[in-house]
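Q: Structure file start_24.txt (compact mmCIF, N, CA and C atoms) right here:
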```
# COMPACT_ATOMS: atom_id res chain seq x y z
N MET A 1 0.83 -1.19 0.00
CA MET A 1 0.00 0.00 0.00
C MET A 1 0.88 1.25 0.00
N ASP A 2 0.34 2.30 -0.56
CA ASP A 2 1.03 3.59 -0.55
C ASP A 2 0.64 4.31 0.73
N CYS A 3 1.54 4.31 1.75
CA CYS A 3 1.17 4.85 3.05
C CYS A 3 0.87 6.33 3.04
N SER A 4 1.25 7.05 2.02
CA SER A 4 0.94 8.48 2.00
C SER A 4 -0.48 8.74 1.52
N ASN A 5 -1.18 7.71 1.06
CA ASN A 5 -2.51 7.91 0.51
C ASN A 5 -3.49 6.83 0.97
N ASN A 6 -3.31 6.30 2.16
CA ASN A 6 -4.17 5.22 2.64
C ASN A 6 -5.37 5.74 3.40
N ALA A 7 -6.50 5.09 3.18
CA ALA A 7 -7.69 5.39 3.95
C ALA A 7 -7.70 4.55 5.23
N TRP A 8 -6.84 3.52 5.29
CA TRP A 8 -6.73 2.64 6.46
C TRP A 8 -5.25 2.32 6.67
N GLU A 9 -4.85 2.23 7.93
CA GLU A 9 -3.46 1.91 8.27
C GLU A 9 -3.43 1.02 9.51
N ALA A 10 -2.56 0.05 9.52
CA ALA A 10 -2.42 -0.86 10.67
C ALA A 10 -1.87 -0.11 11.88
N ALA A 11 -2.10 -0.68 13.05
CA ALA A 11 -1.56 -0.14 14.30
C ALA A 11 -0.68 -1.21 14.93
N PRO A 12 0.62 -0.97 15.02
CA PRO A 12 1.35 0.20 14.53
C PRO A 12 1.52 0.14 13.02
N TRP A 13 1.95 1.24 12.43
CA TRP A 13 2.04 1.34 10.98
C TRP A 13 2.99 0.30 10.37
N ASP A 14 3.97 -0.14 11.15
CA ASP A 14 4.93 -1.11 10.63
C ASP A 14 4.64 -2.54 11.08
N ALA A 15 3.40 -2.82 11.39
CA ALA A 15 3.00 -4.18 11.79
C ALA A 15 3.30 -5.15 10.64
N SER A 16 3.49 -6.40 11.00
CA SER A 16 3.72 -7.43 9.98
C SER A 16 2.49 -7.54 9.08
N ASP A 17 2.68 -8.11 7.90
CA ASP A 17 1.57 -8.29 6.97
C ASP A 17 0.46 -9.12 7.60
N GLU A 18 0.84 -10.12 8.36
CA GLU A 18 -0.15 -11.00 9.01
C GLU A 18 -1.01 -10.20 9.99
N ILE A 19 -0.38 -9.37 10.81
CA ILE A 19 -1.12 -8.56 11.78
C ILE A 19 -1.98 -7.53 11.05
N ALA A 20 -1.40 -6.88 10.05
CA ALA A 20 -2.14 -5.87 9.30
C ALA A 20 -3.36 -6.49 8.61
N ASP A 21 -3.21 -7.64 8.02
CA ASP A 21 -4.33 -8.31 7.35
C ASP A 21 -5.43 -8.66 8.34
N SER A 22 -5.05 -9.13 9.52
CA SER A 22 -6.01 -9.48 10.56
C SER A 22 -6.75 -8.23 11.05
N GLN A 23 -6.01 -7.15 11.27
CA GLN A 23 -6.63 -5.90 11.71
C GLN A 23 -7.60 -5.36 10.66
N LEU A 24 -7.19 -5.38 9.41
CA LEU A 24 -8.06 -4.88 8.34
C LEU A 24 -9.34 -5.70 8.25
N LYS A 25 -9.22 -7.01 8.34
CA LYS A 25 -10.39 -7.88 8.30
C LYS A 25 -11.32 -7.57 9.47
N GLY A 26 -10.74 -7.40 10.67
CA GLY A 26 -11.54 -7.06 11.84
C GLY A 26 -12.19 -5.70 11.72
N PHE A 27 -11.47 -4.73 11.17
CA PHE A 27 -12.05 -3.40 10.97
C PHE A 27 -13.21 -3.47 9.98
N GLN A 28 -13.01 -4.16 8.88
CA GLN A 28 -14.06 -4.26 7.86
C GLN A 28 -15.33 -4.91 8.43
N GLN A 29 -15.16 -5.92 9.26
CA GLN A 29 -16.31 -6.58 9.89
C GLN A 29 -17.05 -5.59 10.79
N ARG A 30 -16.32 -4.89 11.65
CA ARG A 30 -16.93 -3.95 12.59
C ARG A 30 -17.50 -2.72 11.90
N SER A 31 -16.96 -2.37 10.75
CA SER A 31 -17.45 -1.19 10.03
C SER A 31 -18.86 -1.41 9.47
N GLU A 32 -19.29 -2.65 9.40
CA GLU A 32 -20.64 -2.96 8.92
C GLU A 32 -21.67 -3.01 10.04
N TRP A 33 -21.23 -3.03 11.28
CA TRP A 33 -22.15 -3.09 12.41
C TRP A 33 -22.83 -1.73 12.61
N PRO A 34 -24.13 -1.73 12.94
CA PRO A 34 -24.82 -0.48 13.26
C PRO A 34 -24.53 -0.07 14.71
N ILE A 35 -23.39 0.55 14.91
CA ILE A 35 -22.94 0.89 16.27
C ILE A 35 -23.43 2.28 16.65
N PHE A 36 -24.06 2.36 17.82
CA PHE A 36 -24.49 3.64 18.38
C PHE A 36 -23.44 4.07 19.41
N TRP A 37 -22.64 5.05 19.06
CA TRP A 37 -21.55 5.50 19.90
C TRP A 37 -22.02 6.51 20.94
N THR A 38 -21.36 6.54 22.09
CA THR A 38 -21.63 7.50 23.16
C THR A 38 -20.36 8.29 23.42
N SER A 39 -20.51 9.58 23.63
CA SER A 39 -19.35 10.44 23.89
C SER A 39 -18.79 10.16 25.28
N VAL A 40 -17.48 10.02 25.37
CA VAL A 40 -16.81 9.82 26.66
C VAL A 40 -17.02 11.05 27.54
N ARG A 41 -17.05 12.22 26.93
CA ARG A 41 -17.17 13.47 27.68
C ARG A 41 -18.53 13.63 28.34
N GLU A 42 -19.52 12.90 27.87
CA GLU A 42 -20.87 12.98 28.43
C GLU A 42 -21.20 11.79 29.32
N SER A 43 -20.21 11.03 29.69
CA SER A 43 -20.46 9.80 30.45
C SER A 43 -20.06 9.95 31.91
N SER A 44 -20.34 8.90 32.64
CA SER A 44 -20.03 8.88 34.07
C SER A 44 -18.53 8.77 34.30
N ALA A 45 -18.14 8.75 35.53
CA ALA A 45 -16.72 8.74 35.91
C ALA A 45 -16.02 7.43 35.53
N GLU A 46 -16.74 6.32 35.42
CA GLU A 46 -16.11 5.04 35.11
C GLU A 46 -16.84 4.34 33.96
N LEU A 47 -16.04 3.83 33.02
CA LEU A 47 -16.57 3.10 31.87
C LEU A 47 -15.78 1.82 31.69
N PHE A 48 -16.44 0.73 31.48
CA PHE A 48 -15.77 -0.56 31.23
C PHE A 48 -14.74 -0.87 32.31
N GLY A 49 -14.99 -0.43 33.55
CA GLY A 49 -14.06 -0.69 34.64
C GLY A 49 -12.84 0.22 34.67
N LEU A 50 -12.85 1.26 33.87
CA LEU A 50 -11.72 2.19 33.78
C LEU A 50 -12.21 3.61 34.07
N ASP A 51 -11.36 4.41 34.72
CA ASP A 51 -11.80 5.78 35.00
C ASP A 51 -11.76 6.63 33.73
N ARG A 52 -12.52 7.69 33.75
CA ARG A 52 -12.68 8.56 32.59
C ARG A 52 -11.34 9.11 32.10
N GLN A 53 -10.42 9.40 33.01
CA GLN A 53 -9.11 9.93 32.63
C GLN A 53 -8.33 8.96 31.75
N TRP A 54 -8.49 7.65 31.99
CA TRP A 54 -7.83 6.64 31.16
C TRP A 54 -8.23 6.84 29.69
N PHE A 55 -9.51 7.07 29.46
CA PHE A 55 -10.02 7.26 28.10
C PHE A 55 -9.49 8.56 27.49
N ILE A 56 -9.56 9.62 28.24
CA ILE A 56 -9.13 10.92 27.74
C ILE A 56 -7.64 10.91 27.40
N SER A 57 -6.83 10.27 28.24
CA SER A 57 -5.38 10.25 27.99
C SER A 57 -5.01 9.43 26.76
N ARG A 58 -5.94 8.63 26.25
CA ARG A 58 -5.69 7.81 25.06
C ARG A 58 -6.47 8.30 23.84
N ASP A 59 -6.96 9.52 23.89
CA ASP A 59 -7.70 10.14 22.79
C ASP A 59 -9.01 9.45 22.47
N VAL A 60 -9.59 8.71 23.43
CA VAL A 60 -10.87 8.04 23.20
C VAL A 60 -11.97 9.11 23.26
N GLU A 61 -12.69 9.24 22.17
CA GLU A 61 -13.79 10.21 22.10
C GLU A 61 -15.14 9.54 22.31
N TYR A 62 -15.25 8.28 21.85
CA TYR A 62 -16.53 7.57 21.90
C TYR A 62 -16.32 6.13 22.35
N TYR A 63 -17.37 5.57 22.92
CA TYR A 63 -17.35 4.17 23.32
C TYR A 63 -18.70 3.55 22.99
N ALA A 64 -18.72 2.23 22.89
CA ALA A 64 -19.96 1.51 22.61
C ALA A 64 -19.80 0.07 23.05
N GLU A 65 -20.93 -0.59 23.16
CA GLU A 65 -20.94 -2.03 23.39
C GLU A 65 -21.85 -2.62 22.33
N HIS A 66 -21.33 -3.59 21.58
CA HIS A 66 -22.09 -4.17 20.48
C HIS A 66 -21.55 -5.57 20.20
N ALA A 67 -22.45 -6.49 19.91
CA ALA A 67 -22.08 -7.86 19.51
C ALA A 67 -21.11 -8.51 20.49
N GLY A 68 -21.33 -8.27 21.78
CA GLY A 68 -20.49 -8.89 22.80
C GLY A 68 -19.12 -8.27 22.96
N GLU A 69 -18.94 -7.07 22.40
CA GLU A 69 -17.66 -6.38 22.51
C GLU A 69 -17.83 -4.98 23.09
N GLN A 70 -16.80 -4.54 23.79
CA GLN A 70 -16.68 -3.15 24.21
C GLN A 70 -15.78 -2.51 23.16
N LEU A 71 -16.21 -1.39 22.61
CA LEU A 71 -15.47 -0.74 21.52
C LEU A 71 -15.06 0.67 21.90
N LEU A 72 -13.88 1.05 21.46
CA LEU A 72 -13.36 2.39 21.67
C LEU A 72 -13.07 3.03 20.32
N LEU A 73 -13.52 4.25 20.17
CA LEU A 73 -13.25 5.02 18.96
C LEU A 73 -12.43 6.24 19.35
N MET A 74 -11.21 6.29 18.86
CA MET A 74 -10.29 7.37 19.19
C MET A 74 -10.16 8.33 18.01
N GLN A 75 -10.03 9.61 18.32
CA GLN A 75 -9.83 10.63 17.30
C GLN A 75 -8.51 11.33 17.56
N LEU A 76 -7.62 11.24 16.60
CA LEU A 76 -6.29 11.82 16.77
C LEU A 76 -6.28 13.31 16.45
N ALA A 77 -5.66 14.08 17.32
CA ALA A 77 -5.53 15.52 17.08
C ALA A 77 -4.61 15.76 15.89
N TRP A 78 -3.56 14.97 15.79
CA TRP A 78 -2.61 15.06 14.67
C TRP A 78 -2.85 13.87 13.77
N HIS A 79 -3.24 14.13 12.54
CA HIS A 79 -3.52 13.02 11.62
C HIS A 79 -3.21 13.44 10.19
N GLY A 80 -3.11 12.45 9.34
CA GLY A 80 -2.73 12.67 7.95
C GLY A 80 -1.23 12.53 7.79
N PHE A 81 -0.80 12.16 6.62
CA PHE A 81 0.61 11.85 6.38
C PHE A 81 1.52 12.97 6.86
N PRO A 82 2.57 12.66 7.62
CA PRO A 82 3.10 11.33 7.92
C PRO A 82 2.45 10.67 9.13
N ASP A 83 1.52 11.38 9.79
CA ASP A 83 0.80 10.78 10.92
C ASP A 83 -0.27 9.83 10.39
N PRO A 84 -0.79 8.95 11.27
CA PRO A 84 -1.84 8.02 10.81
C PRO A 84 -3.14 8.77 10.48
N PRO A 85 -4.08 8.07 9.84
CA PRO A 85 -5.40 8.67 9.60
C PRO A 85 -6.07 9.09 10.93
N GLU A 86 -7.14 9.87 10.83
CA GLU A 86 -7.77 10.53 11.97
C GLU A 86 -8.35 9.61 13.03
N TRP A 87 -8.94 8.50 12.65
CA TRP A 87 -9.69 7.65 13.58
C TRP A 87 -8.94 6.35 13.87
N ARG A 88 -9.19 5.79 15.04
CA ARG A 88 -8.57 4.53 15.47
C ARG A 88 -9.63 3.72 16.22
N LEU A 89 -9.63 2.41 16.03
CA LEU A 89 -10.62 1.53 16.65
C LEU A 89 -9.93 0.43 17.44
N ALA A 90 -10.48 0.15 18.63
CA ALA A 90 -10.01 -0.97 19.46
C ALA A 90 -11.23 -1.60 20.11
N SER A 91 -11.10 -2.88 20.47
CA SER A 91 -12.21 -3.55 21.16
C SER A 91 -11.67 -4.69 22.02
N ARG A 92 -12.55 -5.16 22.90
CA ARG A 92 -12.28 -6.36 23.69
C ARG A 92 -13.63 -6.98 24.04
N SER A 93 -13.60 -8.21 24.50
CA SER A 93 -14.83 -8.90 24.88
C SER A 93 -15.49 -8.17 26.04
N ALA A 94 -16.79 -8.02 25.96
CA ALA A 94 -17.54 -7.33 27.01
C ALA A 94 -17.41 -8.08 28.32
N GLY A 95 -17.22 -7.33 29.39
CA GLY A 95 -17.13 -7.89 30.72
C GLY A 95 -15.81 -8.55 31.05
N LYS A 96 -14.83 -8.44 30.19
CA LYS A 96 -13.51 -9.06 30.39
C LYS A 96 -12.47 -7.98 30.64
N ILE A 97 -12.50 -7.37 31.81
CA ILE A 97 -11.60 -6.25 32.07
C ILE A 97 -10.13 -6.65 32.15
N ASP A 98 -9.86 -7.95 32.27
CA ASP A 98 -8.47 -8.40 32.34
C ASP A 98 -7.90 -8.78 30.97
N VAL A 99 -8.71 -8.63 29.92
CA VAL A 99 -8.30 -8.97 28.56
C VAL A 99 -7.77 -7.71 27.87
N PRO A 100 -6.66 -7.81 27.15
CA PRO A 100 -6.14 -6.62 26.45
C PRO A 100 -7.05 -6.20 25.29
N TRP A 101 -6.94 -4.95 24.92
CA TRP A 101 -7.71 -4.41 23.79
C TRP A 101 -7.08 -4.89 22.48
N SER A 102 -7.92 -5.26 21.54
CA SER A 102 -7.48 -5.62 20.19
C SER A 102 -7.54 -4.38 19.32
N GLU A 103 -6.51 -4.19 18.53
CA GLU A 103 -6.44 -3.04 17.62
C GLU A 103 -7.05 -3.40 16.27
N TRP A 104 -7.77 -2.43 15.68
CA TRP A 104 -8.35 -2.64 14.35
C TRP A 104 -7.91 -1.55 13.38
N GLY A 105 -6.83 -0.86 13.73
CA GLY A 105 -6.20 0.07 12.81
C GLY A 105 -6.73 1.49 12.88
N TYR A 106 -6.12 2.31 12.03
CA TYR A 106 -6.47 3.72 11.86
C TYR A 106 -7.21 3.86 10.53
N PHE A 107 -8.13 4.81 10.46
CA PHE A 107 -8.88 5.00 9.22
C PHE A 107 -9.29 6.46 9.08
N ALA A 108 -9.50 6.87 7.84
CA ALA A 108 -9.75 8.27 7.54
C ALA A 108 -11.22 8.67 7.63
N LYS A 109 -12.12 7.75 7.30
CA LYS A 109 -13.55 8.09 7.27
C LYS A 109 -14.33 7.15 8.19
N LEU A 110 -15.31 7.71 8.87
CA LEU A 110 -16.17 6.89 9.72
C LEU A 110 -17.10 6.05 8.85
N PRO A 111 -17.30 4.79 9.19
CA PRO A 111 -18.22 3.94 8.42
C PRO A 111 -19.65 4.48 8.46
N GLN A 112 -20.37 4.31 7.38
CA GLN A 112 -21.75 4.81 7.27
C GLN A 112 -22.69 4.15 8.27
N ALA A 113 -22.41 2.92 8.67
CA ALA A 113 -23.30 2.19 9.58
C ALA A 113 -23.23 2.71 11.02
N TRP A 114 -22.21 3.48 11.34
CA TRP A 114 -22.02 3.96 12.70
C TRP A 114 -22.78 5.25 12.94
N ILE A 115 -23.36 5.37 14.14
CA ILE A 115 -24.09 6.57 14.52
C ILE A 115 -23.32 7.29 15.60
N ILE A 116 -22.84 8.48 15.26
CA ILE A 116 -22.06 9.31 16.17
C ILE A 116 -22.95 10.45 16.64
N PRO A 117 -22.98 10.71 17.98
CA PRO A 117 -23.85 11.81 18.45
C PRO A 117 -23.36 13.18 17.99
```
Rewrite the coordinates I just gave you, this time as structure tokens.
A:
Amino acid sequence: MDCSNNAWEAAPWDASDEIADSQLKGFQQRSEWPIFWTSVRESSAELFGLDRQWFISRDVEYYAEHAGEQLLLMQLAWHGFPDPPEWRLASRSAGKIDVPWSEWGYFAKLPQAWIIP
């Protein structure tokens, strides 16, 4: 891929082809889900077992729970080449606070199926 003109980028950008392919497949699957996102700034002090500051310090703007997953949608203040695209997605199994977050890459445009407040 031409990294200066990508609509999607792996996290991290230099991930192996195997990791990048897995992340892209996971992103494509989740991009079709009708996810109703909630703003972190309008939420209570604790989300998914983590305090609000944890989310803010990681650029998390929105969160959701869908299809048995907790999802985080991050918006980067600095984006576009040479930085990654504007948005980033991560998820983990719902109710599994001891499980690490899975990365689904960076992307330039929000999927049409997603509802952002």
Q: If we count only N, CA and C atoms and set the cut-off at 6.5 Å, which residues sit around range 60-63 of chain A, ignoring sequence neighbours fewer than 2 positions away in its own chain? Please answer as a PDB file with N, CA and C atoms, in the coordinates of the input.
A:
```pdb
ATOM      1  N   PHE A  36     -24.060   2.360  17.820  1.00  0.00           N
ATOM      2  CA  PHE A  36     -24.490   3.640  18.380  1.00  0.00           C
ATOM      3  C   PHE A  36     -23.440   4.070  19.410  1.00  0.00           C
ATOM      4  N   TRP A  37     -22.640   5.050  19.060  1.00  0.00           N
ATOM      5  CA  TRP A  37     -21.550   5.500  19.900  1.00  0.00           C
ATOM      6  C   TRP A  37     -22.020   6.510  20.940  1.00  0.00           C
ATOM      7  N   THR A  38     -21.360   6.540  22.090  1.00  0.00           N
ATOM      8  CA  THR A  38     -21.630   7.500  23.160  1.00  0.00           C
ATOM      9  C   THR A  38     -20.360   8.290  23.420  1.00  0.00           C
ATOM     10  N   SER A  39     -20.510   9.580  23.630  1.00  0.00           N
ATOM     11  CA  SER A  39     -19.350  10.440  23.890  1.00  0.00           C
ATOM     12  C   SER A  39     -18.790  10.160  25.280  1.00  0.00           C
ATOM     13  N   VAL A  40     -17.480  10.020  25.370  1.00  0.00           N
ATOM     14  CA  VAL A  40     -16.810   9.820  26.660  1.00  0.00           C
ATOM     15  C   VAL A  40     -17.020  11.050  27.540  1.00  0.00           C
ATOM     16  N   ARG A  41     -17.050  12.220  26.930  1.00  0.00           N
ATOM     17  CA  ARG A  41     -17.170  13.470  27.680  1.00  0.00           C
ATOM     18  C   ARG A  41     -18.530  13.630  28.340  1.00  0.00           C
ATOM     19  N   PHE A  55      -9.510   7.070  29.460  1.00  0.00           N
ATOM     20  CA  PHE A  55     -10.020   7.260  28.100  1.00  0.00           C
ATOM     21  C   PHE A  55      -9.490   8.560  27.490  1.00  0.00           C
ATOM     22  N   ILE A  56      -9.560   9.620  28.240  1.00  0.00           N
ATOM     23  CA  ILE A  56      -9.130  10.920  27.740  1.00  0.00           C
ATOM     24  C   ILE A  56      -7.640  10.910  27.400  1.00  0.00           C
ATOM     25  N   SER A  57      -6.830  10.270  28.240  1.00  0.00           N
ATOM     26  CA  SER A  57      -5.380  10.250  27.990  1.00  0.00           C
ATOM     27  C   SER A  57      -5.010   9.430  26.760  1.00  0.00           C
ATOM     28  N   ARG A  58      -5.940   8.630  26.250  1.00  0.00           N
ATOM     29  CA  ARG A  58      -5.690   7.810  25.060  1.00  0.00           C
ATOM     30  C   ARG A  58      -6.470   8.300  23.840  1.00  0.00           C
ATOM     31  N   GLU A  65     -20.930  -0.590  23.160  1.00  0.00           N
ATOM     32  CA  GLU A  65     -20.940  -2.030  23.390  1.00  0.00           C
ATOM     33  C   GLU A  65     -21.850  -2.620  22.330  1.00  0.00           C
ATOM     34  N   LEU A  71     -16.210  -1.390  22.610  1.00  0.00           N
ATOM     35  CA  LEU A  71     -15.470  -0.740  21.520  1.00  0.00           C
ATOM     36  C   LEU A  71     -15.060   0.670  21.900  1.00  0.00           C
ATOM     37  N   LEU A  72     -13.880   1.050  21.460  1.00  0.00           N
ATOM     38  CA  LEU A  72     -13.360   2.390  21.670  1.00  0.00           C
ATOM     39  C   LEU A  72     -13.070   3.030  20.320  1.00  0.00           C
ATOM     40  N   LEU A  73     -13.520   4.250  20.170  1.00  0.00           N
ATOM     41  CA  LEU A  73     -13.250   5.020  18.960  1.00  0.00           C
ATOM     42  C   LEU A  73     -12.430   6.240  19.350  1.00  0.00           C
ATOM     43  N   MET A  74     -11.210   6.290  18.860  1.00  0.00           N
ATOM     44  CA  MET A  74     -10.290   7.370  19.190  1.00  0.00           C
ATOM     45  C   MET A  74     -10.160   8.330  18.010  1.00  0.00           C
ATOM     46  N   GLN A  75     -10.030   9.610  18.320  1.00  0.00           N
ATOM     47  CA  GLN A  75      -9.830  10.630  17.300  1.00  0.00           C
ATOM     48  C   GLN A  75      -8.510  11.330  17.560  1.00  0.00           C
TER      49      GLN A  75
END
```
Q: Tell me, as JSON, numbers by chain, which residues lie within 9 Å of range 92-97 of chain A, counting only C-alpha atoms; anything in the same chain fewer than 5 positions away does not count.
A: {"A": [48, 49, 50, 65, 66, 67, 68, 69, 70, 71, 102]}
Q: Restricting the output to N, CA and C atoms, write the selected residues as a CSV table (one decimal), keeping the file's coordinate frame.
A:
```
chain,number,residue,atom,x,y,z
A,48,PHE,N,-16.4,0.7,31.5
A,48,PHE,CA,-15.8,-0.6,31.2
A,48,PHE,C,-14.7,-0.9,32.3
A,49,GLY,N,-15.0,-0.4,33.6
A,49,GLY,CA,-14.1,-0.7,34.6
A,49,GLY,C,-12.8,0.2,34.7
A,50,LEU,N,-12.8,1.3,33.9
A,50,LEU,CA,-11.7,2.2,33.8
A,50,LEU,C,-12.2,3.6,34.1
A,65,GLU,N,-20.9,-0.6,23.2
A,65,GLU,CA,-20.9,-2.0,23.4
A,65,GLU,C,-21.8,-2.6,22.3
A,66,HIS,N,-21.3,-3.6,21.6
A,66,HIS,CA,-22.1,-4.2,20.5
A,66,HIS,C,-21.6,-5.6,20.2
A,67,ALA,N,-22.4,-6.5,19.9
A,67,ALA,CA,-22.1,-7.9,19.5
A,67,ALA,C,-21.1,-8.5,20.5
A,68,GLY,N,-21.3,-8.3,21.8
A,68,GLY,CA,-20.5,-8.9,22.8
A,68,GLY,C,-19.1,-8.3,23.0
A,69,GLU,N,-18.9,-7.1,22.4
A,69,GLU,CA,-17.7,-6.4,22.5
A,69,GLU,C,-17.8,-5.0,23.1
A,70,GLN,N,-16.8,-4.5,23.8
A,70,GLN,CA,-16.7,-3.2,24.2
A,70,GLN,C,-15.8,-2.5,23.2
A,71,LEU,N,-16.2,-1.4,22.6
A,71,LEU,CA,-15.5,-0.7,21.5
A,71,LEU,C,-15.1,0.7,21.9
A,102,SER,N,-7.9,-5.3,21.5
A,102,SER,CA,-7.5,-5.6,20.2
A,102,SER,C,-7.5,-4.4,19.3
```
Q: Looking only at the backbone, which of the residues in chain A does DSSP tag as strand (DSSP E or B), as a PyMOL selection string?
A: chain A and resi 8-9+36+38-39+46-47+50-51+60-66+69-75+87-93+102-107+115
Q: Could you check which of A:Trp104, A:Pro82, A:Pro117, A:Asp51 is closest to Leu24 in chain A, using all atoms listed in the file?
A: A:Trp104
Q: If you measure from CA of Trp33 in chain A to atom N of Leu110 in chain A, what distance in Å do you get, rounded to one decimal?
A: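 Spanning CA of Trp33 in chain A to atom N of Leu110 in chain A is a straight-line distance of 13.3 Å.
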Q: Rank nothing, just name the residue among A:Asp21, A:Glu32, A:Asp98, A:Asp14 nearest to Ala113 in chain A, using all atoms listed in the file.
A: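 For Ala113 in chain A, the nearest of the given residues is A:Glu32.
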Q: Take CA of Ala64 in chain A and atom N of Arg30 in chain A and report the distance between them in Å, one decimal.
A: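 Going from CA of Ala64 in chain A over to atom N of Arg30 in chain A, I get 13.2 Å.
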Q: If I take atom N of His79 in chain A and atom C of Glu42 in chain A, how far is one from the other in Å, to one decimal?
A: 24.7 Å
Q: Write down as a list of chain:residue names the residues of chain A whose backbone DSSP state falls under helix (DSSP H, G or I).
A: A:Cys3, A:Ser4, A:Asn5, A:Asp17, A:Glu18, A:Ile19, A:Ala20, A:Asp21, A:Ser22, A:Gln23, A:Leu24, A:Lys25, A:Gly26, A:Phe27, A:Gln28, A:Gln29, A:Arg30, A:Ser31, A:Val40, A:Arg41, A:Glu42, A:Arg52, A:Gln53, A:Trp54, A:Phe55, A:Ile56, A:Ser57
Q: Grab the residues selected above and save them as a short mmCIF file (atom, residue, chain, number, x, y, z; two decimals), in the coordinates of the input with N, CA and C atoms.
A:
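As a result, again-v5.cif now contains:
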```cif
data_model
loop_
_atom_site.label_atom_id
_atom_site.label_comp_id
_atom_site.auth_asym_id
_atom_site.auth_seq_id
_atom_site.Cartn_x
_atom_site.Cartn_y
_atom_site.Cartn_z
N CYS A 3 1.54 4.31 1.75
CA CYS A 3 1.17 4.85 3.05
C CYS A 3 0.87 6.33 3.04
N SER A 4 1.25 7.05 2.02
CA SER A 4 0.94 8.48 2.00
C SER A 4 -0.48 8.74 1.52
N ASN A 5 -1.18 7.71 1.06
CA ASN A 5 -2.51 7.91 0.51
C ASN A 5 -3.49 6.83 0.97
N ASP A 17 2.68 -8.11 7.90
CA ASP A 17 1.57 -8.29 6.97
C ASP A 17 0.46 -9.12 7.60
N GLU A 18 0.84 -10.12 8.36
CA GLU A 18 -0.15 -11.00 9.01
C GLU A 18 -1.01 -10.20 9.99
N ILE A 19 -0.38 -9.37 10.81
CA ILE A 19 -1.12 -8.56 11.78
C ILE A 19 -1.98 -7.53 11.05
N ALA A 20 -1.40 -6.88 10.05
CA ALA A 20 -2.14 -5.87 9.30
C ALA A 20 -3.36 -6.49 8.61
N ASP A 21 -3.21 -7.64 8.02
CA ASP A 21 -4.33 -8.31 7.35
C ASP A 21 -5.43 -8.66 8.34
N SER A 22 -5.05 -9.13 9.52
CA SER A 22 -6.01 -9.48 10.56
C SER A 22 -6.75 -8.23 11.05
N GLN A 23 -6.01 -7.15 11.27
CA GLN A 23 -6.63 -5.90 11.71
C GLN A 23 -7.60 -5.36 10.66
N LEU A 24 -7.19 -5.38 9.41
CA LEU A 24 -8.06 -4.88 8.34
C LEU A 24 -9.34 -5.70 8.25
N LYS A 25 -9.22 -7.01 8.34
CA LYS A 25 -10.39 -7.88 8.30
C LYS A 25 -11.32 -7.57 9.47
N GLY A 26 -10.74 -7.40 10.67
CA GLY A 26 -11.54 -7.06 11.84
C GLY A 26 -12.19 -5.70 11.72
N PHE A 27 -11.47 -4.73 11.17
CA PHE A 27 -12.05 -3.40 10.97
C PHE A 27 -13.21 -3.47 9.98
N GLN A 28 -13.01 -4.16 8.88
CA GLN A 28 -14.06 -4.26 7.86
C GLN A 28 -15.33 -4.91 8.43
N GLN A 29 -15.16 -5.92 9.26
CA GLN A 29 -16.31 -6.58 9.89
C GLN A 29 -17.05 -5.59 10.79
N ARG A 30 -16.32 -4.89 11.65
CA ARG A 30 -16.93 -3.95 12.59
C ARG A 30 -17.50 -2.72 11.90
N SER A 31 -16.96 -2.37 10.75
CA SER A 31 -17.45 -1.19 10.03
C SER A 31 -18.86 -1.41 9.47
N VAL A 40 -17.48 10.02 25.37
CA VAL A 40 -16.81 9.82 26.66
C VAL A 40 -17.02 11.05 27.54
N ARG A 41 -17.05 12.22 26.93
CA ARG A 41 -17.17 13.47 27.68
C ARG A 41 -18.53 13.63 28.34
N GLU A 42 -19.52 12.90 27.87
CA GLU A 42 -20.87 12.98 28.43
C GLU A 42 -21.20 11.79 29.32
N ARG A 52 -12.52 7.69 33.75
CA ARG A 52 -12.68 8.56 32.59
C ARG A 52 -11.34 9.11 32.10
N GLN A 53 -10.42 9.40 33.01
CA GLN A 53 -9.11 9.93 32.63
C GLN A 53 -8.33 8.96 31.75
N TRP A 54 -8.49 7.65 31.99
CA TRP A 54 -7.83 6.64 31.16
C TRP A 54 -8.23 6.84 29.69
N PHE A 55 -9.51 7.07 29.46
CA PHE A 55 -10.02 7.26 28.10
C PHE A 55 -9.49 8.56 27.49
N ILE A 56 -9.56 9.62 28.24
CA ILE A 56 -9.13 10.92 27.74
C ILE A 56 -7.64 10.91 27.40
N SER A 57 -6.83 10.27 28.24
CA SER A 57 -5.38 10.25 27.99
C SER A 57 -5.01 9.43 26.76
#
```
Q: Find the residue from A:Ile115, A:Ala108, A:Ile19, A:Leu47 that sits nearest to Pro84 in chain A; use all atoms listed in the file when measuring.
A: A:Ala108
Q: Nearest residue to Ala7 in chain A out of A:Ala77, A:Ser31, A:Glu86, A:Ser44, using all atoms listed in the file?
A: A:Glu86
